[in-house]
file data_4.cif (mmCIF, C-alpha atoms)
data_final
loop_
_atom_site.label_atom_id
_atom_site.label_comp_id
_atom_site.auth_asym_id
_atom_site.auth_seq_id
_atom_site.Cartn_x
_atom_site.Cartn_y
_atom_site.Cartn_z
CA MET A 247 -52.29 -41.22 7.60
CA LYS A 248 -54.32 -40.17 4.63
CA SER A 249 -51.77 -37.69 3.43
CA LYS A 250 -48.92 -40.19 3.41
CA ALA A 251 -48.57 -40.16 -0.36
CA LEU A 252 -48.57 -36.40 -0.35
CA ILE A 253 -45.85 -36.23 2.26
CA VAL A 254 -43.66 -38.76 0.50
CA THR A 255 -44.01 -36.90 -2.79
CA GLY A 256 -43.17 -33.69 -1.02
CA VAL A 257 -40.08 -35.17 0.59
CA VAL A 258 -38.92 -36.63 -2.72
CA ILE A 259 -39.35 -33.28 -4.49
CA PHE A 260 -37.58 -31.53 -1.64
CA LEU A 261 -34.63 -33.93 -1.81
CA LEU A 262 -34.45 -33.59 -5.58
CA ILE A 263 -34.22 -29.83 -5.29
CA VAL A 264 -31.78 -29.82 -2.40
CA LEU A 265 -29.52 -32.37 -4.01
CA PHE A 266 -29.80 -30.74 -7.42
CA PRO A 267 -26.09 -29.75 -7.62
CA PHE A 268 -25.05 -33.33 -6.88
CA TRP A 269 -27.20 -35.22 -9.38
CA TYR A 270 -26.97 -32.57 -12.04
CA MET A 271 -23.18 -32.42 -12.02
CA ARG A 272 -22.62 -36.12 -11.34
CA GLY A 273 -19.50 -37.39 -13.06
CA LYS A 274 -18.71 -33.98 -14.45
CA ALA A 275 -16.20 -32.65 -11.91
CA ALA A 276 -14.46 -29.55 -13.16
CA PRO A 277 -10.92 -30.45 -14.22
CA LEU A 278 -8.09 -29.27 -11.98
CA PRO A 279 -6.65 -26.05 -13.30
CA GLU A 280 -3.31 -26.22 -15.06
CA VAL A 281 -1.16 -23.20 -14.45
CA GLU A 282 1.22 -22.10 -17.16
CA LEU A 283 4.70 -20.84 -16.46
CA THR A 284 6.28 -18.17 -18.58
CA PRO A 285 9.68 -18.98 -20.11
CA LYS A 286 11.23 -16.63 -17.59
CA ALA A 287 9.58 -18.38 -14.65
CA LYS A 288 10.65 -21.74 -16.04
CA ALA A 289 14.21 -20.60 -16.46
CA ALA A 290 14.34 -19.35 -12.89
CA GLN A 291 13.39 -22.89 -11.76
CA LYS A 292 12.63 -21.74 -8.24
CA CYS A 293 10.32 -19.06 -6.95
CA VAL A 294 10.98 -17.00 -3.84
CA ARG A 295 10.32 -20.18 -1.87
CA SER A 296 9.74 -23.79 -2.87
CA THR A 297 6.86 -24.59 -5.20
CA GLU A 298 4.93 -26.46 -2.49
CA TYR A 299 5.32 -23.57 -0.10
CA MET A 300 4.25 -21.02 -2.69
CA ARG A 301 1.28 -23.10 -3.72
CA ALA A 302 0.00 -23.38 -0.19
CA GLU A 303 1.21 -20.19 1.43
CA HIS A 304 1.54 -17.48 -1.22
CA MET A 305 -1.31 -15.51 0.25
CA GLN A 306 0.29 -15.42 3.68
CA LEU A 307 3.62 -14.57 2.12
CA LEU A 308 2.08 -11.68 0.19
CA ASP A 309 0.34 -10.48 3.33
CA VAL A 310 3.65 -10.41 5.19
CA TRP A 311 5.23 -8.62 2.23
CA ARG A 312 2.53 -6.01 2.18
CA ASP A 313 2.77 -5.26 5.88
CA SER A 314 6.56 -5.23 5.86
CA VAL A 315 6.79 -2.84 2.94
CA VAL A 316 3.94 -0.50 3.73
CA ARG A 317 3.94 -0.41 7.49
CA GLU A 318 7.54 -1.19 8.41
CA SER A 319 9.26 0.21 5.30
CA LYS A 320 11.29 -2.98 4.92
CA ARG A 321 11.41 -3.87 1.27
CA ILE A 322 13.96 -6.66 0.95
CA TYR A 323 13.13 -10.34 1.44
CA VAL A 324 16.00 -12.78 1.86
CA ASN A 325 14.87 -16.36 1.28
CA PRO A 326 16.42 -19.38 3.08
CA GLU A 327 18.93 -19.73 0.23
CA GLY A 328 20.13 -16.19 0.87
CA LYS A 329 18.74 -14.75 -2.33
CA GLU A 330 17.36 -11.21 -2.07
CA PHE A 331 14.05 -10.09 -3.51
CA ASN A 332 12.34 -6.73 -3.69
CA MET A 333 8.98 -7.35 -2.01
CA SER A 334 6.70 -6.12 -4.76
CA LEU A 335 3.73 -7.83 -6.31
CA SER A 336 3.88 -5.95 -9.60
CA ASN A 337 7.63 -5.58 -9.90
CA THR A 338 8.82 -8.93 -8.56
CA CYS A 339 6.07 -11.57 -8.73
CA LEU A 340 4.62 -10.40 -12.01
CA ASP A 341 8.03 -9.84 -13.49
CA CYS A 342 8.33 -13.62 -13.86
CA HIS A 343 4.65 -14.51 -13.77
CA SER A 344 3.67 -11.95 -16.35
CA ASN A 345 0.80 -14.14 -17.52
CA LYS A 346 -1.77 -13.36 -14.89
CA ALA A 347 -4.64 -14.91 -16.87
CA GLU A 348 -2.93 -18.30 -17.20
CA PHE A 349 -1.11 -18.28 -13.89
CA CYS A 350 -3.09 -16.48 -11.20
CA ASP A 351 -6.61 -16.42 -12.55
CA ARG A 352 -6.97 -20.09 -13.43
CA CYS A 353 -6.56 -21.27 -9.88
CA HIS A 354 -8.36 -18.33 -8.37
CA ASP A 355 -11.35 -18.96 -10.61
CA TYR A 356 -11.34 -22.67 -9.81
CA ALA A 357 -11.17 -21.99 -6.08
CA SER A 358 -13.65 -19.14 -6.46
CA VAL A 359 -11.49 -16.61 -4.71
CA ARG A 360 -11.50 -13.05 -5.91
CA PRO A 361 -8.47 -11.19 -4.62
CA TYR A 362 -8.79 -7.48 -5.33
CA CYS A 363 -5.05 -6.87 -5.56
CA TRP A 364 -5.48 -5.87 -9.18
CA SER A 365 -7.77 -2.95 -8.64
CA CYS A 366 -4.64 -1.05 -7.65
CA HIS A 367 -1.59 -3.15 -8.45
CA ILE A 368 -0.73 -3.18 -12.12
CA GLU A 369 -1.27 -6.65 -13.51
CA ASN A 370 0.75 -6.31 -16.69
CA PRO A 371 3.92 -4.51 -15.71
CA LYS A 372 5.60 -5.28 -19.01
CA GLU A 373 2.87 -4.49 -21.48
CA LYS A 374 2.56 -1.07 -22.96
CA THR A 375 -0.67 0.79 -22.34
CA MET B 180 -9.21 -58.37 38.99
CA ASP B 181 -9.94 -55.50 41.30
CA SER B 182 -9.69 -52.76 38.73
CA SER B 183 -12.63 -50.55 39.20
CA ARG B 184 -14.64 -48.86 36.50
CA ARG B 185 -12.90 -45.60 37.45
CA ARG B 186 -9.46 -47.13 36.96
CA VAL B 187 -10.35 -48.39 33.49
CA LEU B 188 -11.63 -44.98 32.47
CA GLN B 189 -8.47 -43.32 33.77
CA LEU B 190 -6.27 -45.69 31.79
CA LEU B 191 -8.33 -45.18 28.67
CA GLY B 192 -8.11 -41.43 29.06
CA ILE B 193 -4.36 -41.40 29.52
CA SER B 194 -3.73 -43.68 26.57
CA ALA B 195 -6.00 -41.58 24.37
CA LEU B 196 -4.04 -38.51 25.41
CA ALA B 197 -0.73 -40.22 24.70
CA ALA B 198 -1.91 -41.37 21.29
CA THR B 199 -3.12 -37.94 20.20
CA THR B 200 -0.52 -35.59 21.67
CA LYS B 201 2.43 -36.89 19.76
CA PRO B 202 1.08 -36.20 16.25
CA VAL B 203 -0.17 -32.77 17.33
CA LEU B 204 3.18 -31.87 18.81
CA ASN B 205 4.90 -33.16 15.70
CA ALA B 206 2.69 -31.04 13.52
CA PHE B 207 3.47 -27.95 15.59
CA ALA B 208 7.18 -28.68 15.51
CA LYS B 209 7.06 -29.05 11.75
CA GLU B 210 5.17 -25.81 11.34
CA GLN B 211 7.69 -24.00 13.51
CA GLN B 212 10.48 -25.39 11.42
CA ALA B 213 8.79 -24.31 8.22
CA SER B 214 8.00 -20.78 9.31
CA GLY B 215 11.35 -20.42 11.00
CA ALA B 216 13.19 -21.27 7.80
CA GLU B 217 15.79 -18.53 8.02
CA VAL B 218 13.95 -15.79 6.18
CA ILE B 219 15.19 -12.25 6.68
CA ILE B 220 13.12 -9.18 6.02
CA LYS B 221 15.16 -6.02 5.91
CA GLU B 222 15.55 -2.53 4.53
CA GLY B 223 17.41 -1.93 1.31
CA ASP B 224 21.04 -0.84 1.51
CA LYS B 225 20.51 2.42 -0.33
CA VAL B 226 17.63 3.74 1.78
CA LEU B 227 17.89 7.42 2.76
CA LYS B 228 17.13 8.10 6.39
CA ALA B 229 16.25 11.11 8.48
CA ARG B 230 14.61 11.97 11.76
CA GLN B 231 12.17 14.24 9.96
CA TRP B 232 12.26 14.84 6.24
CA ALA B 233 11.64 18.46 5.36
CA MET B 234 11.42 20.59 2.26
CA VAL B 235 12.37 24.19 1.59
CA ILE B 236 10.66 25.81 -1.39
CA ASP B 237 12.35 28.89 -2.77
CA THR B 238 9.33 30.64 -4.21
CA ARG B 239 11.54 33.33 -5.73
CA LYS B 240 12.72 30.79 -8.24
CA LEU B 241 9.21 29.67 -9.17
CA GLU B 242 7.75 32.78 -10.71
CA SER B 243 4.87 31.52 -12.81
CA GLU B 244 2.53 28.59 -13.25
CA ALA B 245 4.76 27.45 -16.07
CA ASP B 246 7.62 27.02 -13.61
CA LEU B 247 5.50 24.77 -11.39
CA GLU B 248 4.21 22.67 -14.25
CA PRO B 249 7.23 20.35 -14.69
CA LEU B 250 7.39 19.68 -10.94
CA ILE B 251 3.72 18.77 -10.74
CA GLU B 252 4.00 16.74 -13.91
CA ALA B 253 6.98 14.77 -12.58
CA CYS B 254 5.14 13.86 -9.40
CA HIS B 255 1.77 13.05 -10.90
CA LYS B 256 3.32 10.97 -13.65
CA ILE B 257 5.34 8.62 -11.47
CA HIS B 258 2.56 8.24 -8.90
CA ASN B 259 -0.23 7.55 -11.38
CA VAL B 260 -2.25 10.53 -10.25
CA PRO B 261 -5.36 10.78 -12.44
CA GLU B 262 -6.46 13.94 -14.19
CA LEU B 263 -10.12 14.53 -13.54
CA GLN B 264 -11.72 17.55 -15.11
CA ASN B 265 -14.48 17.84 -12.52
CA LYS B 266 -13.09 20.07 -9.75
CA ASN B 267 -15.02 18.12 -7.11
CA HIS B 268 -13.33 14.88 -8.09
CA GLU B 269 -9.85 16.28 -8.56
CA ILE B 270 -6.86 14.32 -7.19
CA LYS B 271 -3.88 16.42 -6.16
CA TRP B 272 -0.55 15.48 -4.65
CA ILE B 273 1.24 18.72 -5.39
CA TRP B 274 -0.22 21.84 -6.97
CA GLY B 275 0.07 25.58 -7.30
CA THR B 276 -2.13 28.00 -5.45
CA HIS B 277 -2.55 31.70 -4.82
CA PHE B 278 -0.73 33.41 -1.93
CA HIS B 279 -3.96 34.14 -0.06
CA ASN B 280 -5.02 30.51 -0.27
CA ALA B 281 -1.65 29.13 0.73
CA PHE B 282 -1.27 31.55 3.63
CA PRO B 283 -4.75 32.58 4.68
CA GLY B 284 -5.48 34.87 7.56
CA LYS B 285 -5.00 38.55 8.06
CA ALA B 286 -2.20 39.63 5.77
CA ALA B 287 -0.71 43.09 5.74
CA GLN B 288 -2.91 45.67 4.10
CA PHE B 289 -0.41 46.31 1.34
CA LEU B 290 1.76 43.51 0.05
CA SER B 291 4.61 43.15 -2.35
CA GLU B 292 2.74 42.81 -5.58
CA GLU B 293 5.27 40.39 -6.93
CA VAL B 294 4.86 38.02 -3.95
CA GLU B 295 1.11 38.36 -3.94
CA HIS B 296 0.83 37.21 -7.53
CA ARG B 297 3.46 34.51 -7.35
CA PRO B 298 2.09 30.93 -7.51
CA PHE B 299 2.85 28.91 -4.41
CA LEU B 300 3.64 25.25 -4.67
CA VAL B 301 1.73 23.34 -2.01
CA LEU B 302 1.72 19.71 -0.98
CA CYS B 303 1.29 17.57 2.12
CA ASN B 304 3.30 19.26 4.86
CA HIS B 305 4.20 16.01 6.62
CA CYS B 306 3.43 17.78 9.88
CA GLU B 307 5.26 16.84 13.02
CA ASN B 308 1.95 16.91 14.80
CA PRO B 309 -0.40 15.66 12.09
CA PRO B 310 -4.13 16.09 12.79
CA CYS B 311 -5.07 13.68 9.99
CA VAL B 312 -3.35 10.84 11.82
CA ARG B 313 -5.40 11.42 14.92
CA ALA B 314 -8.59 11.47 12.88
CA CYS B 315 -8.02 8.15 11.10
CA PRO B 316 -10.11 5.37 12.69
CA THR B 317 -8.21 2.51 11.04
CA LYS B 318 -4.60 3.67 11.30
CA ALA B 319 -4.49 3.78 7.54
CA THR B 320 -2.46 6.95 7.89
CA TRP B 321 0.29 7.35 10.43
CA LYS B 322 3.51 9.17 11.09
CA ARG B 323 6.49 6.98 10.27
CA GLU B 324 8.87 6.89 13.19
CA THR B 325 11.83 6.21 10.95
CA ASP B 326 11.66 9.41 8.90
CA GLY B 327 8.66 11.49 9.92
CA ILE B 328 6.73 10.94 6.71
CA VAL B 329 2.96 10.99 7.14
CA PHE B 330 2.25 7.80 5.24
CA MET B 331 -0.88 6.22 3.79
CA ASP B 332 -1.76 2.55 3.73
CA PHE B 333 -4.25 2.36 0.88
CA HIS B 334 -5.04 -1.24 1.82
CA ARG B 335 -6.41 -0.13 5.12
CA CYS B 336 -8.19 3.09 4.10
CA ILE B 337 -11.95 2.74 4.38
CA GLY B 338 -12.61 6.08 2.68
CA CYS B 339 -14.31 7.78 5.63
CA ARG B 340 -12.56 11.07 4.78
CA PHE B 341 -12.09 12.11 8.41
CA CYS B 342 -8.45 12.84 7.54
CA MET B 343 -9.55 15.19 4.79
CA ALA B 344 -11.72 17.08 7.23
CA ALA B 345 -8.87 17.16 9.74
CA CYS B 346 -6.16 18.36 7.36
CA PRO B 347 -6.02 22.16 7.44
CA PHE B 348 -4.08 22.26 4.18
CA GLY B 349 -6.43 20.39 1.87
CA ALA B 350 -3.55 18.10 1.05
CA ARG B 351 -5.69 15.00 0.74
CA SER B 352 -7.89 13.93 -2.14
CA PHE B 353 -10.61 11.32 -2.29
CA ASN B 354 -11.18 8.95 -5.17
CA TYR B 355 -14.83 9.48 -5.92
CA ARG B 356 -14.40 7.50 -9.13
CA ASP B 357 -12.19 4.70 -10.33
CA PRO B 358 -9.05 6.68 -11.19
CA ARG B 359 -7.66 4.24 -13.76
CA PRO B 360 -9.36 5.55 -16.90
CA PHE B 361 -8.10 9.04 -16.08
CA ILE B 362 -4.42 8.23 -15.80
CA ARG B 363 -2.78 9.58 -18.88
CA GLU B 364 0.34 7.43 -18.80
CA THR B 365 0.57 4.64 -16.26
CA ASN B 366 3.82 4.10 -14.43
CA LYS B 367 3.96 0.33 -14.17
CA GLN B 368 6.31 0.39 -11.21
CA PHE B 369 3.82 2.15 -8.96
CA PRO B 370 0.31 1.01 -8.08
CA THR B 371 -2.75 3.05 -8.86
CA ARG B 372 -5.51 3.64 -6.33
CA MET B 373 -9.07 2.42 -6.40
CA LYS B 374 -12.41 4.09 -5.92
CA GLY B 375 -13.08 4.92 -2.29
CA VAL B 376 -9.64 5.65 -0.88
CA VAL B 377 -7.94 8.86 0.12
CA GLU B 378 -4.53 9.73 -1.27
CA LYS B 379 -1.86 12.38 -0.92
CA CYS B 380 1.83 13.12 -1.34
CA ASN B 381 4.08 10.48 0.23
CA PHE B 382 7.33 12.51 0.03
CA CYS B 383 8.38 9.89 -2.54
CA ALA B 384 8.92 7.24 0.11
CA GLU B 385 9.35 4.63 -2.64
CA ARG B 386 12.20 6.69 -4.11
CA LEU B 387 13.84 7.38 -0.74
CA ALA B 388 13.85 3.62 -0.18
CA VAL B 389 16.17 3.20 -3.16
CA GLY B 390 18.34 6.22 -2.45
CA GLN B 391 16.67 8.80 -4.68
CA ILE B 392 15.40 12.21 -3.62
CA PRO B 393 11.77 13.15 -4.31
CA ALA B 394 10.88 13.60 -7.96
CA CYS B 395 9.74 17.22 -7.61
CA VAL B 396 13.02 18.18 -5.94
CA GLU B 397 14.99 16.39 -8.62
CA VAL B 398 13.43 18.35 -11.49
CA SER B 399 13.23 21.70 -9.68
CA ASN B 400 16.67 23.04 -10.71
CA GLY B 401 17.46 23.98 -7.13
CA ALA B 402 14.18 25.72 -6.34
CA LEU B 403 13.32 22.92 -3.93
CA ALA B 404 15.63 21.55 -1.25
CA PHE B 405 15.11 18.35 0.67
CA GLY B 406 16.78 17.04 3.80
CA ASP B 407 16.66 16.13 7.45
CA LEU B 408 15.21 18.89 9.60
CA TYR B 409 17.11 17.65 12.63
CA ASP B 410 20.49 17.41 10.96
CA PRO B 411 22.08 20.83 11.61
CA LYS B 412 24.31 20.33 8.60
CA SER B 413 21.57 19.46 6.14
CA GLU B 414 20.77 21.60 3.14
CA VAL B 415 17.34 22.48 4.43
CA ARG B 416 18.69 23.64 7.79
CA GLU B 417 21.32 25.70 6.04
CA LEU B 418 18.62 27.42 3.95
CA ILE B 419 16.36 27.96 6.96
CA LYS B 420 19.28 29.44 8.87
CA THR B 421 20.25 31.87 6.14
CA HIS B 422 16.83 32.90 4.79
CA PHE B 423 13.60 34.14 6.23
CA THR B 424 11.10 31.33 5.82
CA ILE B 425 7.40 30.96 6.50
CA ARG B 426 5.22 27.90 6.93
CA ARG B 427 1.53 27.43 6.21
CA LYS B 428 -0.93 28.06 9.06
CA GLN B 429 1.74 27.97 11.75
CA THR B 430 -0.65 29.11 14.44
CA LEU B 431 -2.50 25.79 14.26
CA GLY B 432 0.49 24.06 15.79
CA THR B 433 0.68 21.16 13.36
CA GLU B 434 4.36 21.97 12.75
CA PRO B 435 4.53 21.64 8.96
CA SER B 436 7.80 20.37 7.51
CA VAL B 437 7.55 22.40 4.32
CA TYR B 438 9.19 25.83 4.54
CA TYR B 439 8.79 28.68 2.07
CA ILE B 440 11.38 31.30 1.24
CA VAL B 441 9.48 34.38 0.04
#
call {"tool": "encode", "arguments": {"input": "data_4.cif", "output": "structure tokens"}}
result
Amino acid sequence: MKSKALIVTGVVIFLLIVLFPFWYMRGKAAPLPEVELTPKAKAAQKCVRSTEYMRAEHMQLLDVWRDSVVRESKRIYVNPEGKEFNMSLSNTCLDCHSNKAEFCDRCHDYASVRPYCWSCHIENPKEKT
Amino acid sequence: MDSSRRRVLQLLGISALAATTKPVLNAFAKEQQASGAEVIIKEGDKVLKARQWAMVIDTRKLESEADLEPLIEACHKIHNVPELQNKNHEIKWIWGTHFHNAFPGKAAQFLSEEVEHRPFLVLCNHCENPPCVRACPTKATWKRETDGIVFMDFHRCIGCRFCMAACPFGARSFNYRDPRPFIRETNKQFPTRMKGVVEKCNFCAERLAVGQIPACVEVSNGALAFGDLYDPKSEVRELIKTHFTIRRKQTLGTEPSVYYIV
């Protein structure tokens, strides 16, 4: 048991290193992201579906949209209220949410997700090049 | 009390089951309700349909490179096709080529000089028996059953280029570089592509979906005709019936849907 002190020191150092993110960031939780709505999005009041649904399921919705348009050539989405939408990320979603940096990116950055939609889909359909 | 240990365990098990099933079933029921919220996904009302879209190119009306230019420009502009100077990196949806390249093989020894020097407009033939589709390992390209277009799903393309090797017409191009900096004027309504995917002419599927004919046909002043190959009354069938037409590399049996009047 001669090396007891050594072992304890080792364990303490190990724990310090392993728990580094916890003690270093203690009490400094990153604030929840605030998304900004454009005037157009505000005026529309409701998205394709309810806000709660969109917040939780927009990725599944977009996946269904993509497959329907590309693989089944069906381009029209009729929501439960009977309103029709052209299933297009650039031309429909970003028509209202034309502020990608304040709307999409804030949450995506917070959640550390990096969707690569934008390497092909135009992110600023209204801006001039 | 004569309840055995076994009996107690049985009761405990059943009550645990009863306590947990209900919430799970409720959750499932709720989910079903949510996803079943009467959403309809359908085609647009204006969509143009055909059994097999086909094109007839009257090469007599396209005498020089200058005549092809506006057609190529119209296509490449709306589809965000980049302009790369390096021939190896070139992206082409529709382009002009020499007679001997468009129709290779043993030609007659002496040809009409005028035909021989005419530029031929070439594009994806949207074959009825497309070899590129068979080559694709991810089903990123397939023949649409609704209109015969050989379509690309850029999301699914892994850039293996088997389709390019399989296509006998060189109709497919690969994005060796990020195409975005090379797009002269971006059409915001249409996506671009990214590095590492194959692309080609889509017979303007996005325009057909809203009731418009392909862009090249629209600006061709009647040199190009577009229609359903299996509709005996269509414009293309009428032209094929009344003119002598040829197709590219017919002997390969891919059944191209682009016909040329020479």
call {"tool": "interface_residues", "arguments": {"input": "data_4.cif", "of": "chain A", "to": "chain B", "cutoff": "7 Å", "atoms": "only C-alpha atoms", "output": "VMD selection string"}}
result
chain A and resid 316 319 to 326 336 to 337 365 to 368 371
call {"tool": "atom_distance", "arguments": {"input": "data_4.cif", "atom1": "atom CA of B:Asp410", "atom2": "atom CA of B:Trp232"}}
result
9.8 Å
call {"tool": "resolve_selection", "arguments": {"input": "data_4.cif", "expression": "the PyMOL selection byres ((chain B and resi 246) around 12)", "output": "ChimeraX atom specification"}}
result
/B:237-245,247-252,274-275,297-300,395,398-400,402-403
call {"tool": "resolve_selection", "arguments": {"input": "data_4.cif", "expression": "the PyMOL selection byres ((chain A and resi 288-298) around 9)", "output": "PyMOL selection string"}}
result
chain A and resi 283-287+299-303+323-327+329-331+339+342
call {"tool": "write_last_selection", "arguments": {"input": "data_4.cif", "atoms": "C-alpha atoms", "output": "short mmCIF file (atom, residue, chain, number, x, y, z; two decimals), keeping the file's coordinate frame"}}
result
data_model
loop_
_atom_site.label_atom_id
_atom_site.label_comp_id
_atom_site.auth_asym_id
_atom_site.auth_seq_id
_atom_site.Cartn_x
_atom_site.Cartn_y
_atom_site.Cartn_z
CA LEU A 283 4.70 -20.84 -16.46
CA THR A 284 6.28 -18.17 -18.58
CA PRO A 285 9.68 -18.98 -20.11
CA LYS A 286 11.23 -16.63 -17.59
CA ALA A 287 9.58 -18.38 -14.65
CA TYR A 299 5.32 -23.57 -0.10
CA MET A 300 4.25 -21.02 -2.69
CA ARG A 301 1.28 -23.10 -3.72
CA ALA A 302 0.00 -23.38 -0.19
CA GLU A 303 1.21 -20.19 1.43
CA TYR A 323 13.13 -10.34 1.44
CA VAL A 324 16.00 -12.78 1.86
CA ASN A 325 14.87 -16.36 1.28
CA PRO A 326 16.42 -19.38 3.08
CA GLU A 327 18.93 -19.73 0.23
CA LYS A 329 18.74 -14.75 -2.33
CA GLU A 330 17.36 -11.21 -2.07
CA PHE A 331 14.05 -10.09 -3.51
CA CYS A 339 6.07 -11.57 -8.73
CA CYS A 342 8.33 -13.62 -13.86
#
call {"tool": "closest_residue", "arguments": {"input": "data_4.cif", "among": "A:Pro279, A:Lys248, A:Val257, A:Ser344", "to": "A:Ser358", "atoms": "only C-alpha atoms"}}
result
A:Pro279
call {"tool": "residues_around", "arguments": {"input": "data_4.cif", "residues": "A:Trp311", "least_positions_apart": "4", "cutoff": "7 Å", "atoms": "all atoms listed in the file", "output": "list in words"}}
result
Leu307, Val315 and Met333 of chain A
call {"tool": "closest_residue", "arguments": {"input": "data_4.cif", "among": "A:Phe268, A:Trp364, A:Phe260, A:Tyr356", "to": "A:Glu280", "atoms": "all atoms listed in the file"}}
result
A:Tyr356
call {"tool": "residues_around", "arguments": {"input": "data_4.cif", "residues": "B:Tyr355", "least_positions_apart": "4", "cutoff": "10 Å", "atoms": "only C-alpha atoms", "output": "JSON, numbers by chain"}}
result
{"B": [267, 268, 269, 270, 338, 373, 374, 375, 376, 377]}
call {"tool": "resolve_selection", "arguments": {"input": "data_4.cif", "expression": "the PyMOL selection byres ((chain B and resi 426-433) around 12)", "output": "PyMOL selection string"}}
result
chain B and resi 233-236+278-285+299-313+345-350+419+423-425+434-441
call {"tool": "atom_distance", "arguments": {"input": "data_4.cif", "atom1": "atom CA of B:Ala253", "atom2": "atom CA of B:Trp272"}}
result
11.0 Å
call {"tool": "closest_residue", "arguments": {"input": "data_4.cif", "among": "B:Arg185, B:His255, B:Arg340, B:Arg416", "to": "B:Gln231", "atoms": "only C-alpha atoms"}}
result
B:Arg416
call {"tool": "atom_distance", "arguments": {"input": "data_4.cif", "atom1": "atom CA of B:Ser352", "atom2": "atom CA of B:Ile273"}}
result
10.8 Å
call {"tool": "closest_residue", "arguments": {"input": "data_4.cif", "among": "B:Ala394, B:Val187, B:Ile362, B:Ile328", "to": "B:Lys228", "atoms": "all atoms listed in the file"}}
result
B:Ile328
call {"tool": "closest_residue", "arguments": {"input": "data_4.cif", "among": "B:Pro360, B:Pro411, B:Gly327, B:Gly390", "to": "B:Pro261", "atoms": "only C-alpha atoms"}}
result
B:Pro360
call {"tool": "build_atoms", "arguments": {"input": "data_4.cif", "residues": "stretch 352-368 of chain A", "atoms": "N, CA and C atoms", "output": "PDB file, keeping the file's coordinate frame"}}
result
ATOM      1  N   ARG A 352      -6.428 -18.743 -13.261  1.00  0.00           N
ATOM      2  CA  ARG A 352      -6.970 -20.090 -13.430  1.00  0.00           C
ATOM      3  C   ARG A 352      -7.287 -20.745 -12.106  1.00  0.00           C
ATOM      4  N   CYS A 353      -6.336 -20.667 -11.182  1.00  0.00           N
ATOM      5  CA  CYS A 353      -6.560 -21.270  -9.880  1.00  0.00           C
ATOM      6  C   CYS A 353      -7.579 -20.478  -9.064  1.00  0.00           C
ATOM      7  N   HIS A 354      -7.449 -19.169  -9.143  1.00  0.00           N
ATOM      8  CA  HIS A 354      -8.360 -18.330  -8.370  1.00  0.00           C
ATOM      9  C   HIS A 354      -9.805 -18.556  -8.818  1.00  0.00           C
ATOM     10  N   ASP A 355     -10.004 -18.706 -10.122  1.00  0.00           N
ATOM     11  CA  ASP A 355     -11.350 -18.960 -10.610  1.00  0.00           C
ATOM     12  C   ASP A 355     -11.856 -20.316 -10.138  1.00  0.00           C
ATOM     13  N   TYR A 356     -10.972 -21.309 -10.220  1.00  0.00           N
ATOM     14  CA  TYR A 356     -11.340 -22.670  -9.810  1.00  0.00           C
ATOM     15  C   TYR A 356     -11.721 -22.689  -8.340  1.00  0.00           C
ATOM     16  N   ALA A 357     -10.926 -21.995  -7.516  1.00  0.00           N
ATOM     17  CA  ALA A 357     -11.170 -21.990  -6.080  1.00  0.00           C
ATOM     18  C   ALA A 357     -12.194 -20.934  -5.680  1.00  0.00           C
ATOM     19  N   SER A 358     -12.671 -20.185  -6.698  1.00  0.00           N
ATOM     20  CA  SER A 358     -13.650 -19.140  -6.460  1.00  0.00           C
ATOM     21  C   SER A 358     -13.187 -18.129  -5.413  1.00  0.00           C
ATOM     22  N   VAL A 359     -11.956 -17.716  -5.547  1.00  0.00           N
ATOM     23  CA  VAL A 359     -11.490 -16.610  -4.710  1.00  0.00           C
ATOM     24  C   VAL A 359     -11.284 -15.402  -5.609  1.00  0.00           C
ATOM     25  N   ARG A 360     -11.614 -14.264  -5.102  1.00  0.00           N
ATOM     26  CA  ARG A 360     -11.500 -13.050  -5.910  1.00  0.00           C
ATOM     27  C   ARG A 360     -10.644 -12.012  -5.211  1.00  0.00           C
ATOM     28  N   PRO A 361      -9.325 -12.187  -5.260  1.00  0.00           N
ATOM     29  CA  PRO A 361      -8.470 -11.190  -4.620  1.00  0.00           C
ATOM     30  C   PRO A 361      -8.563  -9.870  -5.381  1.00  0.00           C
ATOM     31  N   TYR A 362      -8.649  -8.771  -4.651  1.00  0.00           N
ATOM     32  CA  TYR A 362      -8.790  -7.480  -5.330  1.00  0.00           C
ATOM     33  C   TYR A 362      -7.472  -6.716  -5.391  1.00  0.00           C
ATOM     34  N   CYS A 363      -6.373  -7.484  -5.420  1.00  0.00           N
ATOM     35  CA  CYS A 363      -5.050  -6.870  -5.560  1.00  0.00           C
ATOM     36  C   CYS A 363      -4.993  -5.986  -6.790  1.00  0.00           C
ATOM     37  N   TRP A 364      -5.669  -6.465  -7.846  1.00  0.00           N
ATOM     38  CA  TRP A 364      -5.480  -5.870  -9.180  1.00  0.00           C
ATOM     39  C   TRP A 364      -6.259  -4.599  -9.373  1.00  0.00           C
ATOM     40  N   SER A 365      -7.102  -4.243  -8.428  1.00  0.00           N
ATOM     41  CA  SER A 365      -7.770  -2.950  -8.640  1.00  0.00           C
ATOM     42  C   SER A 365      -6.771  -1.811  -8.448  1.00  0.00           C
ATOM     43  N   CYS A 366      -5.675  -2.073  -7.764  1.00  0.00           N
ATOM     44  CA  CYS A 366      -4.640  -1.050  -7.650  1.00  0.00           C
ATOM     45  C   CYS A 366      -3.320  -1.499  -8.281  1.00  0.00           C
ATOM     46  N   HIS A 367      -2.885  -2.713  -7.947  1.00  0.00           N
ATOM     47  CA  HIS A 367      -1.590  -3.150  -8.450  1.00  0.00           C
ATOM     48  C   HIS A 367      -1.692  -3.495  -9.937  1.00  0.00           C
ATOM     49  N   ILE A 368      -0.718  -3.021 -10.667  1.00  0.00           N
ATOM     50  CA  ILE A 368      -0.730  -3.180 -12.120  1.00  0.00           C
ATOM     51  C   ILE A 368      -0.490  -4.651 -12.445  1.00  0.00           C
TER      52      ILE A 368
END
